[in-house]
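Enquirer: Structure file data.cif (mmCIF, C-alpha atoms) right here:
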data_my_file
#
loop_
_atom_site.label_atom_id
_atom_site.label_comp_id
_atom_site.auth_asym_id
_atom_site.auth_seq_id
_atom_site.Cartn_x
_atom_site.Cartn_y
_atom_site.Cartn_z
CA MET A 1 -24.12 10.88 -36.55
CA ARG A 2 -22.50 13.33 -39.00
CA ARG A 3 -19.42 11.13 -39.31
CA LYS A 4 -21.56 8.10 -40.13
CA ALA A 5 -23.37 10.08 -42.80
CA SER A 6 -20.08 11.25 -44.26
CA LEU A 7 -18.92 7.64 -44.61
CA VAL A 8 -22.14 6.67 -46.39
CA LEU A 9 -21.77 9.65 -48.70
CA LEU A 10 -18.15 8.69 -49.36
CA ALA A 11 -19.23 5.19 -50.40
CA PHE A 12 -21.78 6.66 -52.82
CA ALA A 13 -19.25 9.19 -54.10
CA VAL A 14 -16.80 6.41 -54.98
CA PHE A 15 -19.64 4.34 -56.46
CA PHE A 16 -20.69 7.07 -58.89
CA ALA A 17 -17.16 8.27 -59.65
CA VAL A 18 -16.10 4.72 -60.57
CA LEU A 19 -19.34 4.01 -62.43
CA ALA A 20 -18.77 6.94 -64.80
CA PRO A 21 -15.62 5.63 -66.62
CA LEU A 22 -16.79 2.01 -66.30
CA LEU A 23 -20.01 2.87 -68.11
CA ARG A 24 -18.25 4.73 -70.90
CA TRP A 25 -15.27 2.45 -71.55
CA TYR A 26 -16.38 -0.96 -70.27
CA ALA A 27 -20.16 -1.18 -70.47
CA PHE A 28 -20.79 0.88 -73.61
CA PRO A 29 -18.61 -1.19 -76.00
CA ARG A 30 -20.31 -4.34 -74.69
CA LEU A 31 -23.89 -3.05 -74.50
CA ALA A 32 -24.04 -1.02 -77.72
CA LYS A 33 -24.74 -3.50 -80.47
CA ILE A 34 -26.87 -3.98 -83.51
CA PRO A 35 -29.80 -6.23 -82.58
CA PRO A 36 -29.78 -9.55 -84.46
CA ASP A 37 -33.50 -9.29 -85.32
CA GLU A 38 -33.38 -5.98 -87.20
CA TYR A 39 -35.81 -5.50 -90.10
CA GLN A 40 -35.45 -2.42 -92.27
CA THR A 41 -36.59 -1.27 -95.66
CA ALA A 42 -35.52 1.65 -97.78
CA VAL A 43 -36.82 2.88 -101.11
CA LEU A 44 -34.63 4.82 -103.49
CA GLU A 45 -35.72 6.33 -106.79
CA ALA A 46 -34.12 7.54 -110.00
CA LYS A 47 -36.34 10.14 -111.68
CA PRO A 48 -35.91 9.97 -114.66
CA ALA A 49 -33.64 7.10 -115.62
CA VAL A 50 -32.38 5.30 -118.70
CA LEU A 51 -33.16 1.57 -118.90
CA LEU A 52 -32.31 -1.04 -121.48
CA ASP A 53 -35.32 -2.35 -123.37
CA TYR A 54 -34.39 -6.02 -123.73
CA GLY A 55 -36.96 -6.41 -126.55
CA THR A 56 -35.15 -3.99 -128.87
CA MET A 57 -31.82 -4.03 -127.01
CA ARG A 58 -31.90 -0.22 -127.05
CA PRO A 59 -31.76 2.15 -124.07
CA LYS A 60 -34.98 3.97 -123.26
CA LYS A 61 -35.67 6.98 -121.07
CA VAL A 62 -38.24 6.12 -118.37
CA PRO A 63 -39.90 8.41 -115.80
CA GLN A 64 -38.87 6.39 -112.77
CA VAL A 65 -36.93 3.39 -111.51
CA SER A 66 -37.33 2.28 -107.87
CA ILE A 67 -34.84 0.37 -105.77
CA VAL A 68 -36.35 -1.42 -102.79
CA GLN A 69 -33.76 -2.47 -100.27
CA THR A 70 -34.71 -4.82 -97.42
CA LEU A 71 -32.45 -5.89 -94.56
CA ARG A 72 -33.63 -8.73 -92.34
CA GLY A 73 -31.63 -10.03 -89.39
CA ASN A 74 -31.44 -13.83 -89.42
CA VAL A 75 -31.34 -14.71 -85.71
CA ALA A 76 -30.74 -18.47 -86.10
CA ALA A 77 -27.87 -17.93 -88.58
CA ALA A 78 -26.42 -15.25 -86.27
CA LYS A 79 -26.39 -17.65 -83.30
CA LYS A 80 -24.68 -20.33 -85.38
CA ALA A 81 -22.11 -17.95 -86.86
CA GLY A 82 -21.57 -16.36 -83.44
CA LYS A 83 -20.77 -19.74 -81.89
CA ALA A 84 -18.30 -20.52 -84.66
CA ALA A 85 -16.68 -17.08 -84.46
CA GLY A 86 -16.76 -16.87 -80.66
CA ARG A 87 -18.36 -13.41 -80.58
CA ASP A 88 -21.63 -11.53 -80.99
CA VAL A 89 -22.53 -11.73 -84.66
CA VAL A 90 -25.29 -10.26 -86.79
CA VAL A 91 -26.41 -11.87 -90.04
CA TRP A 92 -28.31 -9.66 -92.45
CA ASP A 93 -30.12 -11.22 -95.37
CA ALA A 94 -30.61 -8.37 -97.81
CA LEU A 95 -32.40 -7.95 -101.09
CA SER A 96 -31.97 -5.10 -103.56
CA TYR A 97 -35.01 -5.26 -105.80
CA ILE A 98 -35.08 -2.89 -108.76
CA ALA A 99 -38.46 -2.15 -110.31
CA GLY A 100 -39.13 -0.35 -113.58
CA PRO A 101 -41.81 2.33 -114.05
CA ASP A 102 -44.46 -0.40 -114.46
CA GLY A 103 -43.37 -2.06 -111.19
CA LYS A 104 -41.91 -5.07 -113.03
CA MET A 105 -38.60 -6.52 -111.91
CA VAL A 106 -35.51 -5.10 -113.59
CA SER A 107 -33.02 -6.80 -111.33
CA LYS A 108 -32.83 -8.44 -107.92
CA ILE A 109 -29.66 -9.11 -106.00
CA PRO A 110 -29.81 -11.05 -102.71
CA GLU A 111 -26.93 -10.72 -100.26
CA ARG A 112 -25.84 -12.12 -96.92
CA TYR A 113 -23.75 -9.79 -94.76
CA VAL A 114 -22.18 -11.21 -91.57
CA PHE A 115 -20.52 -8.85 -89.10
CA ASP A 116 -19.58 -8.24 -85.46
CA ALA A 117 -22.57 -6.79 -83.60
CA HIS A 118 -20.43 -4.32 -81.64
CA SER A 119 -17.57 -3.22 -83.88
CA GLN A 120 -19.14 -4.02 -87.26
CA ASP A 121 -15.97 -5.77 -88.39
CA PRO A 122 -16.83 -8.35 -91.05
CA VAL A 123 -17.05 -11.95 -89.85
CA HIS A 124 -16.21 -14.62 -92.39
CA GLN A 125 -18.73 -17.19 -91.19
CA GLY A 126 -22.33 -18.04 -91.93
CA GLY A 127 -22.22 -18.09 -95.71
CA GLU A 128 -21.70 -14.46 -96.69
CA HIS A 129 -22.53 -14.01 -100.37
CA VAL A 130 -23.70 -11.65 -103.08
CA ASP A 131 -26.22 -13.04 -105.55
CA GLY A 132 -25.18 -16.55 -104.54
CA ASP A 133 -21.45 -15.94 -105.13
CA PRO A 134 -19.37 -16.50 -101.98
CA VAL A 135 -17.53 -13.31 -101.02
CA ARG A 136 -15.08 -12.27 -98.36
CA ARG A 137 -15.95 -8.75 -97.28
CA GLU A 138 -13.48 -6.25 -95.94
CA GLY A 139 -14.69 -3.09 -94.25
CA ILE A 140 -18.30 -2.02 -93.79
CA GLU A 141 -21.52 -2.14 -95.76
CA PHE A 142 -24.92 -0.44 -95.25
CA LYS A 143 -24.00 1.02 -91.83
CA TRP A 144 -21.04 2.70 -90.12
CA PRO A 145 -19.84 1.72 -86.62
CA PHE A 146 -21.14 3.47 -83.51
CA LEU A 147 -19.22 6.70 -82.84
CA THR A 148 -18.16 7.10 -86.46
CA GLU A 149 -14.87 8.94 -86.88
CA LYS A 150 -13.93 11.70 -89.29
CA ARG A 151 -11.82 9.46 -91.49
CA ASP A 152 -11.98 7.28 -94.56
CA TYR A 153 -13.49 3.80 -94.16
CA THR A 154 -13.30 0.72 -96.33
CA TYR A 155 -16.68 0.07 -97.93
CA PHE A 156 -17.76 -3.13 -99.65
CA ASP A 157 -19.17 -2.76 -103.15
CA ALA A 158 -21.62 -5.57 -103.87
CA GLN A 159 -21.49 -5.19 -107.66
CA THR A 160 -17.71 -5.60 -107.98
CA ARG A 161 -17.54 -7.86 -104.89
CA THR A 162 -14.54 -5.83 -103.73
CA SER A 163 -13.85 -3.26 -101.02
CA ALA A 164 -12.48 0.24 -101.59
CA PRO A 165 -12.07 3.40 -99.51
CA ILE A 166 -15.08 5.60 -98.91
CA HIS A 167 -13.82 9.09 -98.20
CA TYR A 168 -14.89 11.41 -95.40
CA LYS A 169 -15.64 14.71 -97.14
CA GLY A 170 -16.71 16.90 -94.23
CA THR A 171 -19.37 17.56 -91.65
CA ARG A 172 -22.78 18.79 -92.75
CA THR A 173 -26.15 19.53 -91.20
CA PHE A 174 -28.99 17.37 -92.48
CA ARG A 175 -32.55 17.90 -91.20
CA GLY A 176 -31.23 19.31 -87.95
CA LEU A 177 -28.70 16.52 -87.40
CA GLU A 178 -24.94 16.89 -87.58
CA VAL A 179 -23.81 14.29 -90.12
CA TYR A 180 -20.58 13.15 -91.73
CA TYR A 181 -20.63 13.11 -95.51
CA PHE A 182 -18.87 10.19 -97.25
CA GLU A 183 -18.24 9.62 -100.92
CA GLN A 184 -16.95 6.65 -102.91
CA THR A 185 -16.38 6.43 -106.66
CA ILE A 186 -16.11 3.04 -108.31
CA PRO A 187 -14.51 3.47 -111.75
CA TRP A 188 -15.80 1.50 -114.76
CA THR A 189 -15.33 -2.12 -113.74
CA LYS A 190 -16.37 -5.40 -115.36
CA VAL A 191 -18.92 -7.04 -113.05
CA PRO A 192 -20.84 -10.33 -113.03
CA LEU A 193 -24.27 -10.49 -114.62
CA PRO A 194 -27.16 -10.84 -112.17
CA LYS A 195 -28.36 -14.43 -111.76
CA THR A 196 -31.96 -13.27 -112.36
CA MET A 197 -32.42 -11.38 -115.62
CA PRO A 198 -35.54 -9.28 -116.31
CA VAL A 199 -36.58 -11.11 -119.49
CA GLU A 200 -37.41 -14.78 -119.83
CA GLY A 201 -35.11 -16.58 -122.20
CA ILE A 202 -32.15 -14.31 -121.43
CA THR A 203 -29.84 -15.80 -118.85
CA PRO A 204 -26.36 -14.83 -117.71
CA GLU A 205 -25.11 -17.85 -119.71
CA THR A 206 -26.71 -16.71 -122.99
CA VAL A 207 -25.24 -13.22 -122.55
CA ARG A 208 -21.84 -14.66 -121.69
CA LYS A 209 -21.93 -17.05 -124.65
CA ALA A 210 -22.62 -14.08 -126.93
CA GLY A 211 -19.34 -12.59 -125.68
CA THR A 212 -21.10 -9.67 -124.00
CA THR A 213 -19.87 -8.36 -120.67
CA ARG A 214 -21.46 -6.10 -118.05
CA TRP A 215 -19.66 -2.97 -116.83
CA TYR A 216 -20.56 -0.62 -114.03
CA THR A 217 -19.52 2.65 -112.44
CA THR A 218 -21.00 4.53 -109.52
CA LYS A 219 -20.49 7.49 -107.27
CA ARG A 220 -22.12 6.72 -103.92
CA MET A 221 -22.81 9.32 -101.28
CA PHE A 222 -23.83 8.81 -97.67
CA TRP A 223 -24.83 11.25 -94.94
CA VAL A 224 -24.03 9.41 -91.71
CA GLU A 225 -25.17 10.36 -88.21
CA PRO A 226 -21.90 9.77 -86.31
CA THR A 227 -23.23 8.76 -82.86
CA THR A 228 -25.23 5.81 -84.18
CA GLY A 229 -23.29 5.31 -87.41
CA ALA A 230 -26.58 5.16 -89.29
CA PRO A 231 -26.86 6.71 -92.75
CA VAL A 232 -29.80 9.14 -92.77
CA ASN A 233 -29.57 9.72 -96.49
CA GLY A 234 -27.97 8.01 -99.47
CA GLU A 235 -27.58 8.75 -103.15
CA GLU A 236 -25.88 7.08 -106.10
CA ILE A 237 -25.02 8.25 -109.59
CA HIS A 238 -25.08 4.83 -111.15
CA ARG A 239 -24.36 3.65 -114.71
CA GLU A 240 -24.30 0.15 -116.18
CA GLU A 241 -23.43 -0.95 -119.70
CA LEU A 242 -23.28 -4.14 -121.74
CA ARG A 243 -20.17 -4.21 -123.87
CA GLY A 244 -19.05 -6.25 -126.88
CA GLY A 245 -20.27 -9.54 -128.27
CA THR A 246 -22.85 -10.47 -130.86
CA LEU A 247 -25.80 -9.47 -128.67
CA LEU A 248 -25.29 -5.76 -129.39
CA GLY A 249 -25.10 -6.01 -133.17
CA ASP A 250 -22.77 -3.38 -134.58
CA ARG A 251 -22.58 -1.38 -131.35
CA ASP A 252 -19.63 -1.51 -128.92
CA LYS A 253 -21.72 -0.83 -125.87
CA VAL A 254 -25.25 -0.15 -124.74
CA THR A 255 -26.56 1.48 -121.56
CA VAL A 256 -28.40 -0.92 -119.27
CA PHE A 257 -29.16 1.62 -116.57
CA SER A 258 -28.26 5.23 -115.94
CA GLY A 259 -29.69 7.44 -113.26
CA HIS A 260 -29.22 9.52 -110.15
CA VAL A 261 -30.70 7.38 -107.40
CA LYS A 262 -32.00 9.21 -104.32
CA MET A 263 -33.70 8.04 -101.16
CA ARG A 264 -37.47 8.59 -101.24
CA GLU A 265 -38.60 11.52 -99.11
CA ASP A 266 -40.89 9.53 -96.75
CA TYR A 267 -38.01 7.12 -96.02
CA ILE A 268 -35.64 10.00 -95.28
CA ALA A 269 -38.16 11.46 -92.81
CA HIS A 270 -38.71 8.03 -91.21
CA THR A 271 -34.96 7.33 -90.94
CA VAL A 272 -34.16 10.75 -89.48
CA LYS A 273 -36.88 10.32 -86.84
CA LEU A 274 -35.64 6.82 -85.95
CA VAL A 275 -31.99 7.88 -85.79
CA LYS A 276 -32.81 10.91 -83.62
CA SER A 277 -34.36 8.61 -80.98
CA GLN A 278 -31.65 5.93 -81.20
CA ARG A 279 -29.00 8.63 -80.89
CA GLN A 280 -30.33 9.57 -77.45
CA LEU A 281 -29.83 5.99 -76.22
CA VAL A 282 -26.21 5.97 -77.36
CA LEU A 283 -25.60 9.42 -75.90
CA LEU A 284 -27.08 8.22 -72.58
CA LEU A 285 -24.30 5.63 -72.28
CA THR A 286 -21.46 7.68 -73.76
CA THR A 287 -22.15 11.17 -72.44
CA TYR A 288 -25.19 11.89 -70.27
CA LEU A 289 -24.78 9.14 -67.63
CA PRO A 290 -20.94 9.14 -67.39
CA TRP A 291 -20.72 12.93 -66.99
CA GLY A 292 -23.78 12.98 -64.73
CA PHE A 293 -22.33 10.25 -62.48
CA LEU A 294 -18.95 11.97 -62.37
CA ALA A 295 -20.57 15.25 -61.30
CA LEU A 296 -22.71 13.44 -58.73
CA GLY A 297 -19.68 11.57 -57.37
CA THR A 298 -17.71 14.80 -57.04
CA GLY A 299 -20.61 16.53 -55.31
CA LEU A 300 -21.11 13.66 -52.87
CA LEU A 301 -17.39 13.56 -52.11
CA ALA A 302 -17.40 17.29 -51.33
CA LEU A 303 -20.44 16.88 -49.08
CA SER A 304 -18.85 13.94 -47.35
CA LEU A 305 -15.67 15.95 -46.65
CA VAL A 306 -17.69 18.87 -45.30
CA LEU A 307 -19.60 16.61 -42.93
CA GLU A 308 -16.39 14.93 -41.85
CA ALA A 309 -14.71 18.29 -41.17
CA ARG A 310 -17.70 19.50 -39.15
CA GLY A 311 -17.72 16.27 -37.19
CA ARG A 312 -14.11 16.83 -36.17
CA ARG A 313 -14.56 20.46 -35.17
CA PRO A 314 -13.82 20.93 -31.46
CA GLY A 315 -16.94 21.51 -29.49
CA SER A 316 -18.99 19.64 -32.08
CA ASP A 317 -21.83 17.75 -30.51
CA THR A 318 -21.48 14.98 -33.01
CA GLY A 319 -19.93 11.63 -32.76
CA THR A 320 -20.82 8.07 -33.29
CA PRO A 321 -21.69 6.01 -30.27
CA ASP A 322 -18.46 4.06 -30.50
CA GLU A 323 -16.53 7.23 -30.94
CA ALA A 324 -18.25 9.04 -28.12
CA PRO A 325 -16.29 11.91 -26.64
CA ALA A 326 -13.97 10.91 -23.84
CA PRO A 327 -15.57 11.04 -20.43
CA PRO A 328 -14.93 14.29 -18.62
CA PRO A 329 -11.88 14.16 -16.39
CA ALA A 330 -12.57 13.24 -12.86
CA PRO A 331 -13.01 16.34 -10.79
CA ALA A 332 -9.80 17.37 -9.14
CA PRO A 333 -9.93 17.04 -5.40
CA ALA A 334 -11.00 20.28 -3.94
CA PRO A 335 -8.20 22.12 -2.32
CA PRO A 336 -8.46 22.17 1.37
CA VAL A 337 -10.20 25.24 2.46
CA ALA A 338 -7.98 27.10 4.70
CA PRO A 339 -9.69 28.52 7.70
CA ALA A 340 -10.10 32.14 7.41
CA SER A 341 -7.28 33.62 9.11
CA PRO A 342 -8.12 36.22 11.52
CA VAL A 343 -7.23 39.56 10.26
CA MET B 1 -9.68 3.04 -41.83
CA ARG B 2 -13.45 3.45 -41.96
CA ALA B 3 -13.13 5.84 -44.87
CA LEU B 4 -11.14 3.20 -46.74
CA ALA B 5 -13.78 0.57 -46.05
CA ALA B 6 -16.54 2.90 -47.28
CA ALA B 7 -14.60 3.65 -50.47
CA ALA B 8 -14.01 -0.08 -51.05
CA ILE B 9 -17.74 -0.76 -50.67
CA GLY B 10 -18.54 1.93 -53.27
CA LEU B 11 -15.91 0.57 -55.65
CA ALA B 12 -17.11 -3.02 -55.33
CA ALA B 13 -20.74 -2.01 -55.83
CA ALA B 14 -19.90 -0.09 -59.02
CA PHE B 15 -17.96 -3.04 -60.46
CA ALA B 16 -20.68 -5.50 -59.45
CA LEU B 17 -23.41 -3.43 -61.09
CA VAL B 18 -21.54 -2.92 -64.37
CA LEU B 19 -20.37 -6.53 -64.61
CA THR B 20 -23.89 -7.82 -63.93
CA VAL B 21 -25.54 -5.54 -66.47
CA THR B 22 -23.00 -6.35 -69.20
CA ALA B 23 -23.18 -10.08 -68.43
CA LEU B 24 -26.97 -10.04 -68.78
CA GLY B 25 -26.74 -8.40 -72.22
CA ALA B 26 -29.69 -7.85 -74.53
CA PRO B 27 -32.33 -10.42 -75.49
CA GLY B 28 -31.69 -12.29 -78.73
CA GLY B 29 -35.03 -11.72 -80.43
CA LYS B 30 -36.58 -13.59 -83.36
CA THR B 31 -36.15 -13.32 -87.10
CA SER B 32 -38.84 -11.04 -88.46
CA PRO B 33 -41.60 -12.87 -90.32
CA LYS B 34 -41.82 -9.96 -92.78
CA PRO B 35 -40.60 -10.76 -96.28
CA LEU B 36 -37.75 -9.34 -98.32
CA LEU B 37 -39.76 -6.92 -100.44
CA THR B 38 -40.34 -7.42 -104.16
CA THR B 39 -42.84 -4.60 -104.53
CA VAL B 40 -42.47 -0.89 -103.92
CA PRO B 41 -44.03 -0.10 -100.53
CA GLU B 42 -46.25 2.94 -100.10
CA HIS B 43 -44.86 4.16 -96.79
CA PRO B 44 -42.24 3.03 -94.27
#
Is it possible to express this structure as structure tokens?

Expert:
Amino acid sequence: MRRKASLVLLAFAVFFAVLAPLLRWYAFPRLAKIPPDEYQTAVLEAKPAVLLDYGTMRPKKVPQVSIVQTLRGNVAAAKKAGKAAGRDVVVWDALSYIAGPDGKMVSKIPERYVFDAHSQDPVHQGGEHVDGDPVRREGIEFKWPFLTEKRDYTYFDAQTRTSAPIHYKGTRTFRGLEVYYFEQTIPWTKVPLPKTMPVEGITPETVRKAGTTRWYTTKRMFWVEPTTGAPVNGEEIHREELRGGTLLGDRDKVTVFSGHVKMREDYIAHTVKLVKSQRQLVLLLTTYLPWGFLALGTGLLALSLVLEARGRRPGSDTGTPDEAPAPPPAPAPAPPVAPASPV
Amino acid sequence: MRALAAAAIGLAAAFALVLTVTALGAPGGKTSPKPLLTTVPEHP
């Protein structure tokens, strides 16, 4: 009976010992993915900020500018792009809507971001664009890959439509979470005018015809939770200018926007809470279950060996029916009893 | 010999479980009906 039990335990020991690395290195990369139907919003604020008053064409200090960022997974487009690319693809339709202190639109930039659901590598299918301009992204945008590493990444900048390194600047603690801090500086660069301008009558064409160009610089900062790759906080020191042309009169340049943009407190709290729960799911597949299964497998193997050793001990009363102890040897014929010899 | 057979059963079961779970994958879901926001929301 003991030997049968030891064989069953051995089977379970192998099962769990093999399951541990399979879960970590085979199942996790295939199971961990960004769902195609994600819907997320984030609100960032610059308090105060400088905004161009298009009526006077002069910059004006305002108490607040809000940036509302929405990401919506387009499931149908993801399926189509995934078929064409031959892998799991996510398509995010995004909108960055900038509202002035009165809530009126200052700028709105739609985007389509197409990427691999597992690795987050960009996928050049499905009509990726920024403000209607076709783009070819390199690197990441919005989110880092699962199990983010302490290294520089390539980050796509939607304003310049180019990718540049975003530098790992160290590990920090943010609201009780260990996070990696990343920083990217985009130097003054000439960028396209938004397709939708805040004032009726002013279009990108009229600005262009006046010989005026739009320039932009930013320093963007992200605090990224490395297990999920999700940013839990983001900030930007962002400046935009119009330069040259007849639109500005005798001035060389005029500030369109200037401000230190920070994530709104309620969105930070919401994101931190969400990331803390998602992090546990990733850790379950990468750490808790693999190490737990390995320990369980080792324990079961030890138990199996102990039972096996006990089963083989001489004098043990164990044994499976088909391995029953050999029948006792036939009794030796009794020696003939010699008649007592007379003393 | 029996020990080998038991180990093989454990190995096969582990592979079968992992391959099945990864082949099933996650459900696809539907595109959210919520709009891309053009107003500042009060709370997340």

Enquirer: With 5 Å added on each side, what axis-aligned box encloses every listed atom of stretch 40-47 of chain A? Give the centre and edge lengths in Å to one decimal, as JSON.

Expert:
{"center_x": -35.5, "center_y": 3.9, "center_z": -102.0, "size_x": 12.7, "size_y": 22.6, "size_z": 29.4}

Enquirer: Mind telling me what the PyMOL selection byres ((chain A) within 9 of (chain B)) catches here, as a PyMOL selection string?

Expert: chain A and resi 6-19+22-23+26-28+30-31+33+35-43+66-76+79+93-99+103-105+108+266-267+270

Enquirer: Find, counting all atoms listed in the file, the residue in A:Trp215, A:Ala20, A:Val224, A:Lys253 that gets nearest to A:Gly292.

Expert: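 Going through A:Trp215, A:Ala20, A:Val224, A:Lys253 one by one, the smallest distance to A:Gly292 is for A:Ala20.
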
Enquirer: With distances taken over all atoms listed in the file, which of A:Val135, A:Val89, A:Leu307, A:Ala302 is nearest to A:Val114?

Expert: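 Under the stated criterion, the closest residue is A:Val89.
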
Enquirer: What gap, in Å, lies between atom CA of A:Leu51 and atom CA of A:Arg220?

Expert: 19.3 Å

Enquirer: When you look at A:Glu138 with a cut-off of 9 Å (counting only C-alpha atoms), what residues show up, excluding the ones that are within fewer than 3 positions of it in the same chain? I need them as number ranges by chain.

Expert: A: 121-122, 154-156, 162-164

Enquirer: Kindly give the distance, in Å, that separates atom CA of A:Lys209 and atom CA of A:Gly55, rounded to a single decimal.

Expert: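 Atom CA of A:Gly55 lies 18.5 Å from atom CA of A:Lys209.
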
Enquirer: Can you measure atom CA of A:Val306 to atom CA of A:Leu289 for me? One decimal in Å is fine.

Expert: 25.4 Å

Enquirer: May I have the residues within 7 Å of A:Glu45 as an mmCIF file with C-alpha atoms, in the coordinates of the input, using all atoms listed in the file and disregarding those fewer than 2 positions away in the same chain?

Expert:
data_model
loop_
_atom_site.group_PDB
_atom_site.id
_atom_site.type_symbol
_atom_site.label_atom_id
_atom_site.label_comp_id
_atom_site.auth_asym_id
_atom_site.auth_seq_id
_atom_site.Cartn_x
_atom_site.Cartn_y
_atom_site.Cartn_z
ATOM 1 C CA VAL A 43 -36.820 2.880 -101.110
ATOM 2 C CA LYS A 47 -36.340 10.140 -111.680
ATOM 3 C CA GLN A 64 -38.870 6.390 -112.770
ATOM 4 C CA VAL A 65 -36.930 3.390 -111.510
ATOM 5 C CA SER A 66 -37.330 2.280 -107.870
ATOM 6 C CA ILE A 67 -34.840 0.370 -105.770
ATOM 7 C CA VAL A 261 -30.700 7.380 -107.400
ATOM 8 C CA LYS A 262 -32.000 9.210 -104.320
ATOM 9 C CA MET A 263 -33.700 8.040 -101.160
ATOM 10 C CA ARG A 264 -37.470 8.590 -101.240
#

Enquirer: Can you tell me, as an MDAnalysis selection string, which residues sit within 10 Å of (-24.4, 10.6, -88.8) in the file's frame, using only C-alpha atoms?

Expert: chainID A and resid 144 146:149 171:174 177:181 222:233 272 275:276 279

Enquirer: Could you check the closest approach to A:Val106 for each of A:His124, A:Arg151, A:Arg137, A:Lys195 and tell me which residue wins, using only C-alpha atoms?

Expert: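 The closest residue to A:Val106 is A:Lys195.
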
Enquirer: Is it possible to dump stretch 4-17 of chain B as a short mmCIF file (atom, residue, chain, number, x, y, z; two decimals), in the first residue's frame, including just N, CA, C and O atoms?

Expert:
data_model
loop_
_atom_site.label_atom_id
_atom_site.label_comp_id
_atom_site.auth_asym_id
_atom_site.auth_seq_id
_atom_site.Cartn_x
_atom_site.Cartn_y
_atom_site.Cartn_z
N LEU B 4 9.12 5.26 -13.24
CA LEU B 4 9.23 5.98 -14.50
C LEU B 4 7.85 6.29 -15.10
O LEU B 4 7.60 7.39 -15.60
N ALA B 5 6.99 5.30 -15.03
CA ALA B 5 5.63 5.45 -15.56
C ALA B 5 4.89 6.55 -14.79
O ALA B 5 4.22 7.40 -15.39
N ALA B 6 5.05 6.56 -13.47
CA ALA B 6 4.38 7.57 -12.64
C ALA B 6 4.90 8.95 -13.00
O ALA B 6 4.13 9.92 -13.14
N ALA B 7 6.21 9.08 -13.18
CA ALA B 7 6.81 10.36 -13.53
C ALA B 7 6.31 10.83 -14.90
O ALA B 7 6.00 12.01 -15.09
N ALA B 8 6.19 9.89 -15.82
CA ALA B 8 5.72 10.23 -17.18
C ALA B 8 4.28 10.72 -17.14
O ALA B 8 3.92 11.67 -17.84
N ILE B 9 3.47 10.09 -16.27
CA ILE B 9 2.07 10.53 -16.14
C ILE B 9 2.02 11.97 -15.62
O ILE B 9 1.29 12.82 -16.15
N GLY B 10 2.81 12.27 -14.61
CA GLY B 10 2.87 13.63 -14.04
C GLY B 10 3.30 14.64 -15.07
O GLY B 10 2.72 15.72 -15.20
N LEU B 11 4.33 14.28 -15.84
CA LEU B 11 4.87 15.17 -16.87
C LEU B 11 3.81 15.46 -17.95
O LEU B 11 3.57 16.62 -18.31
N ALA B 12 3.17 14.39 -18.40
CA ALA B 12 2.16 14.55 -19.46
C ALA B 12 0.99 15.40 -18.97
O ALA B 12 0.49 16.27 -19.71
N ALA B 13 0.58 15.17 -17.72
CA ALA B 13 -0.55 15.94 -17.17
C ALA B 13 -0.20 17.43 -17.10
O ALA B 13 -1.04 18.29 -17.42
N ALA B 14 1.03 17.74 -16.67
CA ALA B 14 1.44 19.15 -16.57
C ALA B 14 1.42 19.81 -17.95
O ALA B 14 0.89 20.92 -18.11
N PHE B 15 1.98 19.12 -18.94
CA PHE B 15 2.00 19.68 -20.30
C PHE B 15 0.58 19.85 -20.84
O PHE B 15 0.25 20.88 -21.43
N ALA B 16 -0.25 18.84 -20.59
CA ALA B 16 -1.63 18.89 -21.10
C ALA B 16 -2.38 20.07 -20.51
O ALA B 16 -3.07 20.81 -21.21
N LEU B 17 -2.21 20.26 -19.19
CA LEU B 17 -2.92 21.36 -18.52
C LEU B 17 -2.49 22.71 -19.08
O LEU B 17 -3.31 23.56 -19.45
#
